[in-house]
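S.K.: Coordinates in query_20.pdb, PDB, C-alpha atoms and all ligand atoms, are listed below.
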```
ATOM      1  CA  MET A  59     -36.481 -41.804  46.388
ATOM      2  CA  ASN A  60     -34.691 -40.834  49.601
ATOM      3  CA  CYS A  61     -33.537 -37.377  50.588
ATOM      4  CA  ARG A  62     -30.009 -37.876  49.214
ATOM      5  CA  GLN A  63     -31.346 -39.081  45.852
ATOM      6  CA  ARG A  64     -33.706 -36.061  45.623
ATOM      7  CA  MET A  65     -30.808 -33.660  46.289
ATOM      8  CA  SER A  66     -28.696 -35.390  43.674
ATOM      9  CA  ARG A  67     -31.523 -35.159  41.144
ATOM     10  CA  SER A  68     -32.104 -31.465  41.926
ATOM     11  CA  LEU A  69     -28.414 -30.801  41.431
ATOM     12  CA  THR A  70     -28.481 -32.588  38.072
ATOM     13  CA  ILE A  71     -31.489 -30.503  36.968
ATOM     14  CA  CYS A  72     -29.740 -27.281  38.063
ATOM     15  CA  LEU A  73     -26.573 -28.177  36.154
ATOM     16  CA  THR A  74     -28.611 -29.066  33.035
ATOM     17  CA  MET A  75     -30.440 -25.707  33.202
ATOM     18  CA  LEU A  76     -27.139 -23.897  33.657
ATOM     19  CA  ALA A  77     -25.708 -25.647  30.605
ATOM     20  CA  VAL A  78     -28.735 -24.518  28.583
ATOM     21  CA  LEU A  79     -28.753 -20.944  29.918
ATOM     22  CA  LEU A  80     -25.029 -20.269  29.918
ATOM     23  CA  PRO A  81     -24.741 -19.521  26.186
ATOM     24  CA  VAL A  82     -27.747 -17.184  26.493
ATOM     25  CA  LEU A  83     -26.234 -15.415  29.515
ATOM     26  CA  LEU A  84     -22.951 -14.955  27.695
ATOM     27  CA  ALA A  85     -24.556 -13.826  24.430
ATOM     28  CA  PRO A  86     -24.172 -10.035  24.956
ATOM     29  CA  ALA A  87     -20.445 -10.441  25.651
ATOM     30  CA  THR A  88     -20.077 -12.599  22.544
ATOM     31  CA  ALA A  89     -21.890 -10.001  20.418
ATOM     32  CA  SER A  90     -19.662  -7.141  21.563
ATOM     33  CA  ALA A  91     -16.558  -9.286  21.032
ATOM     34  CA  GLN A  92     -17.643  -9.662  17.410
ATOM     35  CA  ASN A  93     -17.186  -5.890  16.986
ATOM     36  CA  GLU A  94     -13.473  -6.250  17.460
ATOM     37  CA  LEU A  95     -11.481  -6.530  14.273
ATOM     38  CA  THR A  96     -10.227  -9.992  13.528
ATOM     39  CA  TYR A  97      -6.459 -10.310  13.274
ATOM     40  CA  SER A  98      -6.813 -10.554   9.502
ATOM     41  CA  GLN A  99      -8.937  -7.374   9.350
ATOM     42  CA  TYR A 100      -6.469  -5.533  11.580
ATOM     43  CA  ARG A 101      -3.502  -6.672   9.515
ATOM     44  CA  THR A 102      -5.139  -5.606   6.244
ATOM     45  CA  LEU A 103      -5.880  -2.157   7.654
ATOM     46  CA  ALA A 104      -2.412  -1.750   9.179
ATOM     47  CA  TRP A 105      -0.737  -2.887   5.970
ATOM     48  CA  ALA A 106      -2.525  -0.280   3.879
ATOM     49  CA  ALA A 107      -2.067   2.470   6.473
ATOM     50  CA  HIS A 108       1.658   1.870   6.774
ATOM     51  CA  ARG A 109       2.272   1.544   3.048
ATOM     52  CA  MET A 110       0.352   4.604   1.925
ATOM     53  CA  ASP A 111       1.153   8.201   2.809
ATOM     54  CA  HIS A 112      -2.497   9.205   2.434
ATOM     55  CA  LEU A 113      -3.696   6.863   5.192
ATOM     56  CA  ALA A 114      -3.098   6.880   8.934
ATOM     57  CA  MET A 115      -4.484   4.453  11.491
ATOM     58  CA  PHE A 116      -5.107   5.030  15.195
ATOM     59  CA  GLU A 117      -6.950   3.478  18.110
ATOM     60  CA  PRO A 118     -10.184   4.924  19.498
ATOM     61  CA  LEU A 119      -9.202   7.165  22.427
ATOM     62  CA  GLN A 120     -11.774   5.813  24.874
ATOM     63  CA  GLY A 121     -10.776   2.187  24.457
ATOM     64  CA  GLU A 122     -13.747   1.219  22.293
ATOM     65  CA  SER A 123     -13.425  -1.711  19.943
ATOM     66  CA  GLY A 124     -12.200  -1.296  16.382
ATOM     67  CA  MET A 125      -9.720   1.039  14.759
ATOM     68  CA  LEU A 126      -9.912   4.452  13.096
ATOM     69  CA  LEU A 127      -8.543   5.122   9.656
ATOM     70  CA  ALA A 128      -7.885   8.644   8.389
ATOM     71  CA  LEU A 129      -7.844   9.091   4.624
ATOM     72  CA  GLY A 130      -6.739  12.159   2.670
ATOM     73  CA  GLU A 131      -8.749  12.159  -0.539
ATOM     74  CA  ARG A 132      -7.915  13.939  -3.760
ATOM     75  CA  PHE A 133     -10.852  16.336  -3.748
ATOM     76  CA  GLY A 134      -9.340  18.102  -0.767
ATOM     77  CA  THR A 135     -10.644  16.701   2.500
ATOM     78  CA  VAL A 136      -9.448  14.390   5.235
ATOM     79  CA  GLN A 137     -12.014  11.895   6.452
ATOM     80  CA  VAL A 138     -11.957   9.437   9.345
ATOM     81  CA  PHE A 139     -13.623   6.035   9.205
ATOM     82  CA  LYS A 140     -14.332   3.781  12.161
ATOM     83  CA  HIS A 141     -13.671   0.154  11.299
ATOM     84  CA  ASP A 142     -14.921  -2.592  13.552
ATOM     85  CA  GLY A 143     -15.481  -6.264  13.032
ATOM     86  CA  ASP A 144     -18.694  -5.953  11.079
ATOM     87  CA  SER A 145     -19.031  -2.379   9.839
ATOM     88  CA  VAL A 146     -17.267   0.731   8.623
ATOM     89  CA  LYS A 147     -18.711   4.178   9.143
ATOM     90  CA  ARG A 148     -17.431   7.664   8.542
ATOM     91  CA  VAL A 149     -17.110   9.570  11.797
ATOM     92  CA  TRP A 150     -15.577  12.841  10.594
ATOM     93  CA  LYS A 151     -14.858  14.926   7.538
ATOM     94  CA  SER A 152     -12.641  18.017   7.443
ATOM     95  CA  ILE A 153     -13.422  21.284   5.724
ATOM     96  CA  HIS A 154     -12.012  21.673   2.239
ATOM     97  CA  LEU A 155      -8.298  22.114   2.683
ATOM     98  CA  SER A 156      -5.956  24.373   0.806
ATOM     99  CA  GLY A 157      -4.484  21.910  -1.699
ATOM    100  CA  ILE A 158      -4.748  18.167  -1.961
ATOM    101  CA  PRO A 159      -3.753  16.024   1.021
ATOM    102  CA  GLU A 160      -0.364  14.445   0.330
ATOM    103  CA  GLU A 161       0.558  12.840   3.632
ATOM    104  CA  LEU A 162      -1.179  12.039   6.911
ATOM    105  CA  LEU A 163       0.422  11.337  10.274
ATOM    106  CA  VAL A 164      -0.918  10.485  13.697
ATOM    107  CA  ALA A 165       1.304  11.705  16.533
ATOM    108  CA  ASP A 166       1.686  12.029  20.276
ATOM    109  CA  LEU A 167       2.540  15.730  20.192
ATOM    110  CA  ASP A 168       2.467  16.316  23.956
ATOM    111  CA  SER A 169       4.620  13.197  24.572
ATOM    112  CA  ASP A 170       2.319  11.671  27.201
ATOM    113  CA  GLY A 171       2.496   8.258  25.544
ATOM    114  CA  PHE A 172      -0.868   8.533  23.775
ATOM    115  CA  ASP A 173      -1.540   9.692  20.256
ATOM    116  CA  ASP A 174      -3.390  13.003  20.316
ATOM    117  CA  ALA A 175      -3.161  14.610  16.884
ATOM    118  CA  LEU A 176      -3.847  13.987  13.230
ATOM    119  CA  LEU A 177      -1.588  15.943  10.863
ATOM    120  CA  CYS A 178      -1.979  16.539   7.154
ATOM    121  CA  ARG A 179       0.471  18.012   4.660
ATOM    122  CA  THR A 180      -1.122  19.297   1.477
ATOM    123  CA  SER A 181      -0.022  20.181  -2.043
ATOM    124  CA  GLY A 182      -0.949  23.759  -1.093
ATOM    125  CA  SER A 183       2.178  23.807   1.114
ATOM    126  CA  LYS A 184       0.158  23.804   4.287
ATOM    127  CA  VAL A 185       0.096  21.652   7.383
ATOM    128  CA  TYR A 186      -3.091  21.090   9.363
ATOM    129  CA  VAL A 187      -3.295  19.586  12.845
ATOM    130  CA  TRP A 188      -6.521  18.257  14.370
ATOM    131  CA  GLY A 189      -6.955  16.936  17.898
ATOM    132  CA  LEU A 190      -7.958  13.284  17.988
ATOM    133  CA  GLU A 191     -10.491  13.925  20.774
ATOM    134  CA  ASN A 192     -13.034  15.844  18.681
ATOM    135  CA  PHE A 193     -11.126  16.510  15.452
ATOM    136  CA  ASP A 194     -11.057  20.213  16.283
ATOM    137  CA  LEU A 195      -8.555  22.106  14.163
ATOM    138  CA  ILE A 196      -5.780  23.012  16.603
ATOM    139  CA  TRP A 197      -3.300  24.519  14.166
ATOM    140  CA  GLU A 198      -2.720  25.266  10.511
ATOM    141  CA  SER A 199       0.337  26.849   8.970
ATOM    142  CA  LEU A 200      -0.248  30.270   7.465
ATOM    143  CA  SER A 201      -1.152  30.536   3.799
ATOM    144  CA  GLY A 202       1.958  31.517   1.885
ATOM    145  CA  GLU A 203       4.220  30.825   4.871
ATOM    146  CA  TYR A 204       5.969  28.136   2.819
ATOM    147  CA  GLN A 205       6.303  27.831  -0.944
ATOM    148  CA  SER A 206       6.668  24.065  -0.765
ATOM    149  CA  ILE A 207       6.513  21.428   1.941
ATOM    150  CA  VAL A 208       7.672  18.138   0.472
ATOM    151  CA  GLY A 209       7.934  16.023   3.601
ATOM    152  CA  PHE A 210       7.346  16.052   7.340
ATOM    153  CA  THR A 211       7.505  13.977  10.474
ATOM    154  CA  THR A 212       7.188  14.427  14.228
ATOM    155  CA  ALA A 213       9.945  13.828  16.782
ATOM    156  CA  ASN A 214      11.310  15.327  19.957
ATOM    157  CA  MET A 215      14.143  17.472  18.653
ATOM    158  CA  ASP A 216      15.131  19.500  21.710
ATOM    159  CA  ASP A 217      14.978  19.902  25.478
ATOM    160  CA  SER A 218      11.253  20.657  25.610
ATOM    161  CA  PRO A 219       9.349  17.442  26.410
ATOM    162  CA  GLU A 220       6.797  17.892  23.660
ATOM    163  CA  GLN A 221       7.371  16.727  20.111
ATOM    164  CA  GLU A 222       8.219  19.029  17.269
ATOM    165  CA  ILE A 223       6.752  18.921  13.789
ATOM    166  CA  VAL A 224       9.754  18.635  11.473
ATOM    167  CA  LEU A 225       9.138  20.102   8.035
ATOM    168  CA  LEU A 226      11.117  19.805   4.830
ATOM    169  CA  ALA A 227      10.012  23.187   3.584
ATOM    170  CA  ASP A 228      11.530  25.422   0.940
ATOM    171  CA  ASN A 229      14.701  23.271   0.936
ATOM    172  CA  HIS A 230      15.271  23.887   4.647
ATOM    173  CA  ILE A 231      14.464  21.860   7.746
ATOM    174  CA  THR A 232      12.156  23.647  10.150
ATOM    175  CA  TYR A 233      10.874  22.626  13.608
ATOM    176  CA  VAL A 234       7.473  23.747  14.811
ATOM    177  CA  ASP A 235       6.669  23.181  18.502
ATOM    178  CA  GLY A 236       3.981  20.508  18.840
ATOM    179  CA  VAL A 237       2.106  22.298  21.635
ATOM    180  CA  THR A 238       2.570  26.052  21.080
ATOM    181  CA  PHE A 239       3.067  25.651  17.294
ATOM    182  CA  ASN A 240       5.731  28.345  17.355
ATOM    183  CA  ARG A 241       8.461  27.966  14.789
ATOM    184  CA  LYS A 242      11.569  27.032  16.771
ATOM    185  CA  PHE A 243      14.397  26.431  14.338
ATOM    186  CA  THR A 244      15.214  26.578  10.649
ATOM    187  CA  THR A 245      18.473  25.322   9.203
ATOM    188  CA  THR A 246      20.606  27.733   7.254
ATOM    189  CA  GLY A 247      21.773  24.881   5.027
ATOM    190  CA  GLU A 248      19.623  23.796   2.099
ATOM    191  CA  TYR A 249      18.633  20.222   1.349
ATOM    192  CA  THR A 250      16.950  18.587  -1.601
ATOM    193  CA  ALA A 251      15.397  15.631   0.229
ATOM    194  CA  THR A 252      11.772  14.478   0.119
ATOM    195  CA  ILE A 253      11.675  12.246   3.212
ATOM    196  CA  VAL A 254      12.859  13.176   6.705
ATOM    197  CA  ARG A 255      13.228  10.884   9.701
ATOM    198  CA  CYS A 256      14.672  11.678  13.126
ATOM    199  CA  GLY A 257      16.501   9.551  15.666
ATOM    200  CA  ASP A 258      19.732   9.231  17.615
ATOM    201  CA  VAL A 259      21.443   7.163  14.951
ATOM    202  CA  ASP A 260      24.953   7.398  16.447
ATOM    203  CA  GLY A 261      24.106   6.941  20.124
ATOM    204  CA  ASP A 262      25.550  10.267  21.317
ATOM    205  CA  GLY A 263      22.301  11.168  23.077
ATOM    206  CA  ARG A 264      21.386  13.787  20.492
ATOM    207  CA  VAL A 265      18.777  13.306  17.781
ATOM    208  CA  GLU A 266      19.940  13.405  14.173
ATOM    209  CA  ILE A 267      17.877  14.313  11.138
ATOM    210  CA  VAL A 268      18.175  11.729   8.370
ATOM    211  CA  LEU A 269      17.276  12.751   4.835
ATOM    212  CA  ASN A 270      16.710  10.473   1.873
ATOM    213  CA  SER A 271      19.175  12.655  -0.035
ATOM    214  CA  GLY A 272      21.814  10.791   1.997
ATOM    215  CA  GLN A 273      22.663  13.317   4.693
ATOM    216  CA  VAL A 274      22.679  12.893   8.444
ATOM    217  CA  VAL A 275      22.196  16.317   9.984
ATOM    218  CA  ASP A 276      22.840  17.505  13.540
ATOM    219  CA  SER A 277      19.527  18.540  15.097
ATOM    220  CA  VAL A 278      20.970  21.474  17.054
ATOM    221  CA  THR A 279      23.301  23.112  14.536
ATOM    222  CA  GLY A 280      21.730  21.937  11.279
ATOM    223  CA  GLU A 281      25.182  20.940  10.041
ATOM    224  CA  ILE A 282      25.823  17.758   8.102
ATOM    225  CA  GLU A 283      27.362  15.140  10.407
ATOM    226  CA  TRP A 284      27.768  12.416   7.857
ATOM    227  CA  GLU A 285      26.936  11.979   4.224
ATOM    228  CA  ASP A 286      26.890   8.999   1.941
ATOM    229  CA  GLU A 287      25.727   8.505  -1.612
ATOM    230  CA  PRO A 288      22.047   9.497  -1.897
ATOM    231  CA  PHE A 289      19.807   6.950  -0.270
ATOM    232  CA  PHE A 290      17.056   5.315  -2.265
ATOM    233  CA  SER A 291      13.744   7.161  -2.289
ATOM    234  CA  ARG A 292      12.346   5.610   0.889
ATOM    235  CA  ILE A 293      14.067   5.636   4.269
ATOM    236  CA  GLU A 294      13.100   4.417   7.720
ATOM    237  CA  LEU A 295      15.002   4.211  11.005
ATOM    238  CA  LEU A 296      14.966   0.910  12.856
ATOM    239  CA  ASP A 297      17.290  -0.679  15.382
ATOM    240  CA  ILE A 298      17.732  -3.986  13.593
ATOM    241  CA  ASP A 299      20.595  -5.303  15.741
ATOM    242  CA  GLY A 300      19.271  -4.268  19.149
ATOM    243  CA  ASP A 301      22.271  -2.115  20.129
ATOM    244  CA  GLY A 302      19.984   0.774  21.048
ATOM    245  CA  MET A 303      20.836   2.836  17.964
ATOM    246  CA  PRO A 304      18.563   2.806  14.934
ATOM    247  CA  GLU A 305      20.063   1.941  11.572
ATOM    248  CA  ILE A 306      19.021   3.709   8.378
ATOM    249  CA  LEU A 307      17.117   1.402   6.047
ATOM    250  CA  THR A 308      16.624   2.541   2.486
ATOM    251  CA  GLU A 309      14.871   1.084  -0.534
ATOM    252  CA  GLY A 310      13.452   2.233  -3.850
ATOM    253  CA  GLU A 311       9.764   2.799  -4.530
ATOM    254  CA  ILE A 312       9.299  -0.204  -6.762
ATOM    255  CA  SER A 313      12.104  -2.752  -6.770
ATOM    256  CA  GLY A 314      15.805  -3.218  -6.186
ATOM    257  CA  ALA A 315      17.935  -3.869  -3.140
ATOM    258  CA  LEU A 316      17.641  -2.830   0.472
ATOM    259  CA  LYS A 317      20.592  -0.954   1.905
ATOM    260  CA  VAL A 318      21.205  -0.627   5.613
ATOM    261  CA  PHE A 319      23.559   1.983   7.049
ATOM    262  CA  ASP A 320      24.991   1.999  10.525
ATOM    263  CA  VAL A 321      25.821   5.621  11.238
ATOM    264  CA  ASP A 322      27.753   4.700  14.374
ATOM    265  CA  PHE A 323      30.258   2.877  12.140
ATOM    266  CA  ARG A 324      29.711   5.298   9.273
ATOM    267  CA  SER A 325      29.271   2.441   6.840
ATOM    268  CA  GLU A 326      26.837   0.172   5.105
ATOM    269  CA  VAL A 327      25.928  -3.002   7.009
ATOM    270  CA  ARG A 328      27.245  -5.969   4.996
ATOM    271  CA  PHE A 329      25.423  -8.706   6.952
ATOM    272  CA  GLN A 330      28.445 -11.041   6.894
TER
HETATM  273 CA    CA B   1      -0.369  12.646  23.712
HETATM  274 CA    CA B   2      10.689  19.036  22.130
HETATM  275 CA    CA B   3      22.999  11.338  17.907
HETATM  276 CA    CA B   4      21.254  -0.633  15.883
END
```
Can you dump the structure from the file as structure tokens?
Ligand SMILES: [Ca+2]
Ligand SMILES: [Ca+2]
Ligand SMILES: [Ca+2]
Ligand SMILES: [Ca+2]
M.R.:
Amino acid sequence: MNCRQRMSRSLTICLTMLAVLLPVLLAPATASAQNELTYSQYRTLAWAAHRMDHLAMFEPLQGESGMLLALGERFGTVQVFKHDGDSVKRVWKSIHLSGIPEELLVADLDSDGFDDALLCRTSGSKVYVWGLENFDLIWESLSGEYQSIVGFTTANMDDSPEQEIVLLADNHITYVDGVTFNRKFTTTGEYTATIVRCGDVDGDGRVEIVLNSGQVVDSVTGEIEWEDEPFFSRIELLDIDGDGMPEILTEGEISGALKVFDVDFRSEVRFQ
């Protein structure tokens, strides 16, 4: 065997060893990748979280694998579960709340582009806000402050960059600042809605409040800008035609038709 043949043989041996060792060397990376949710697991979690008021899903803040699911249970606590590809474990449980959790939201209250707060509305007419970092309680509405809170959302309603918590409380719409938690505005008008959503639905640069009772309300004056027949029980805002203005989508809880309203044209979208 000459020198060239020996080098060739050594190279072959090295490549063979590499082929054998490579899977072993890559094993730790493969194991950690298994902790990520599969697409199917993620979709199942997201489906439930988006369909149910008592669930809210959010990403781990430090970029770890998996997803977090907050659940408001009927014995009076909110609990957070960490789901990854091969396990689920509870990472936090609240104190006993005043009333039963009715709706959970995750929000970016300081408007920096990252979710930072978990909010819960309870049957005791209270709202609780916990920071996502450590689940410290950062605000709760005062006991007795509201007789009933039937719906809420978060949106930026005014000139301050932070979001406001928008409450449907005692038949009025109230904004609470998402950073100072001061009450900023309460409408004089009364509304009988159960779902509130906020967005610039007519493209005039000002956010409107959309209620499932069928009213579109100016966010600065609290006056009704436009009103149609009552919407179905559920409403969402989504720009379905890409013109930069969200349409109002409404459907019933169980079955029936979808209606879409374009507030800019003050009419139902006929899809013709
Ligand atoms: Ca934030
Ligand atoms: Ca604001
Ligand atoms: Ca507007
Ligand atoms: Ca649109």
S.K.: Check which residues fall inside 10 Å of ligand CA 4 (chain B) when counting all atoms listed in the file, and print them as a PyMOL selection string.
M.R.: chain A and resi 259-261+295-306+319-322
S.K.: Taking only C-alpha atoms and all ligand atoms and a cut-off of 10 Å, can you tell me which residues surround ligand CA 3 (chain B), written as a list in words?
M.R.: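 Listing the residues within 10 Å of ligand CA 3 (chain B) gives Cys256, Gly257, Asp258, Val259, Asp260, Gly261, Asp262, Gly263, Arg264, Val265, Glu266, Ile267, Val274, Val275, Asp276, Ser277, Glu283, Met303, Val321 and Asp322 of chain A.
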S.K.: Please indicate the distance in Å from atom CA of Tyr249 of chain A to atom CA of Gln273 of chain A, rounded to one decimal place.
M.R.: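 Value for the atom CA of Tyr249 of chain A-atom CA of Gln273 of chain A distance: 8.7 Å.
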S.K.: For ligand CA 2 (chain B), return the neighbouring residues as number ranges by chain (distance at most 7 Å; all atoms listed in the file).
M.R.: A: 214-222, 235
S.K.: Taking into account all atoms listed in the file, which residue in the set A:Asp168, A:Glu94, A:Glu131, A:Glu122 is nearest to Ala213 of chain A?
M.R.: A:Asp168
S.K.: Return as a PyMOL selection string every polymer residue, whether protein, DNA or RNA, with at least one atom no more than 7 Å from an atom of ligand CA 1 (chain B); count all atoms listed in the file.
M.R.: chain A and resi 166-174
S.K.: Could the residues in this selection be written to a file with C-alpha atoms, as a PDB file, in the frame of the given file?
M.R.:
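Dumped everything to result.pdb:
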```
ATOM      1  CA  ASP A 166       1.686  12.029  20.276  1.00  0.00           C
ATOM      2  CA  LEU A 167       2.540  15.730  20.192  1.00  0.00           C
ATOM      3  CA  ASP A 168       2.467  16.316  23.956  1.00  0.00           C
ATOM      4  CA  SER A 169       4.620  13.197  24.572  1.00  0.00           C
ATOM      5  CA  ASP A 170       2.319  11.671  27.201  1.00  0.00           C
ATOM      6  CA  GLY A 171       2.496   8.258  25.544  1.00  0.00           C
ATOM      7  CA  PHE A 172      -0.868   8.533  23.775  1.00  0.00           C
ATOM      8  CA  ASP A 173      -1.540   9.692  20.256  1.00  0.00           C
ATOM      9  CA  ASP A 174      -3.390  13.003  20.316  1.00  0.00           C
TER      10      ASP A 174
END
```
S.K.: What separation in Å, quoted to one decimal, exists between atom CA of Arg148 of chain A and atom CA of Leu113 of chain A?
M.R.: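 Atom CA of Leu113 of chain A lies at a distance of 14.2 Å from atom CA of Arg148 of chain A.
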S.K.: Pull the neighbourhood of (27.3, 9.9, -1.0) for me: all residues within 12 Å in file coordinates, counting all atoms listed in the file, as a list in words.
M.R.: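 Nearby residues: Leu269, Asn270, Ser271, Gly272, Gln273, Val274, Trp284, Glu285, Asp286, Glu287, Pro288, Phe289, Phe290, Phe319, Arg324, Ser325 and Glu326 of chain A.
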S.K.: Which polymer residues have any atom within 10 Å of an atom of segment 176-191 of chain A, counting all atoms listed in the file, with same-chain residues fewer than 5 positions away left out, as an MDAnalysis selection string?
M.R.: chainID A and resid 111:112 114:120 128:130 134:136 152 155:167 196:212 223 225 227:228 236 239
S.K.: Using Å and a single decimal, report how far atom CA of His141 of chain A sits from atom CA of His154 of chain A.
M.R.: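 A separation of 23.4 Å between them.
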S.K.: Using only C-alpha atoms, can you tell me which of A:Glu248, A:Asp144, A:Glu311, A:Asp194 comes closest to Glu281 of chain A?
M.R.: A:Glu248
S.K.: Let me know the centre plus edge lengths, in Å and rounded to one decimal, of a box with edges along x, y and z that contains all listed atoms of segment 176-189 of chain A and is padded by 4 Å on every side, as lines of an AutoDock Vina configuration file.
M.R.:
```
center_x = -2.4
center_y = 18.9
center_z = 7.9
size_x = 17.1
size_y = 17.8
size_z = 27.9
```
S.K.: Hey, which of A:Val149, A:Ile312, A:Leu307, A:Ile293 ends up closest to Val327 of chain A? Count only C-alpha atoms.
M.R.: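 Residue with the minimum atom-to-atom distance to Val327 of chain A: A:Leu307.
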S.K.: Considering all atoms listed in the file, state which residue in the set A:Leu127, A:Arg292, A:Gly121, A:Val254 is at the smallest distance from Ala104 of chain A.
M.R.: A:Leu127
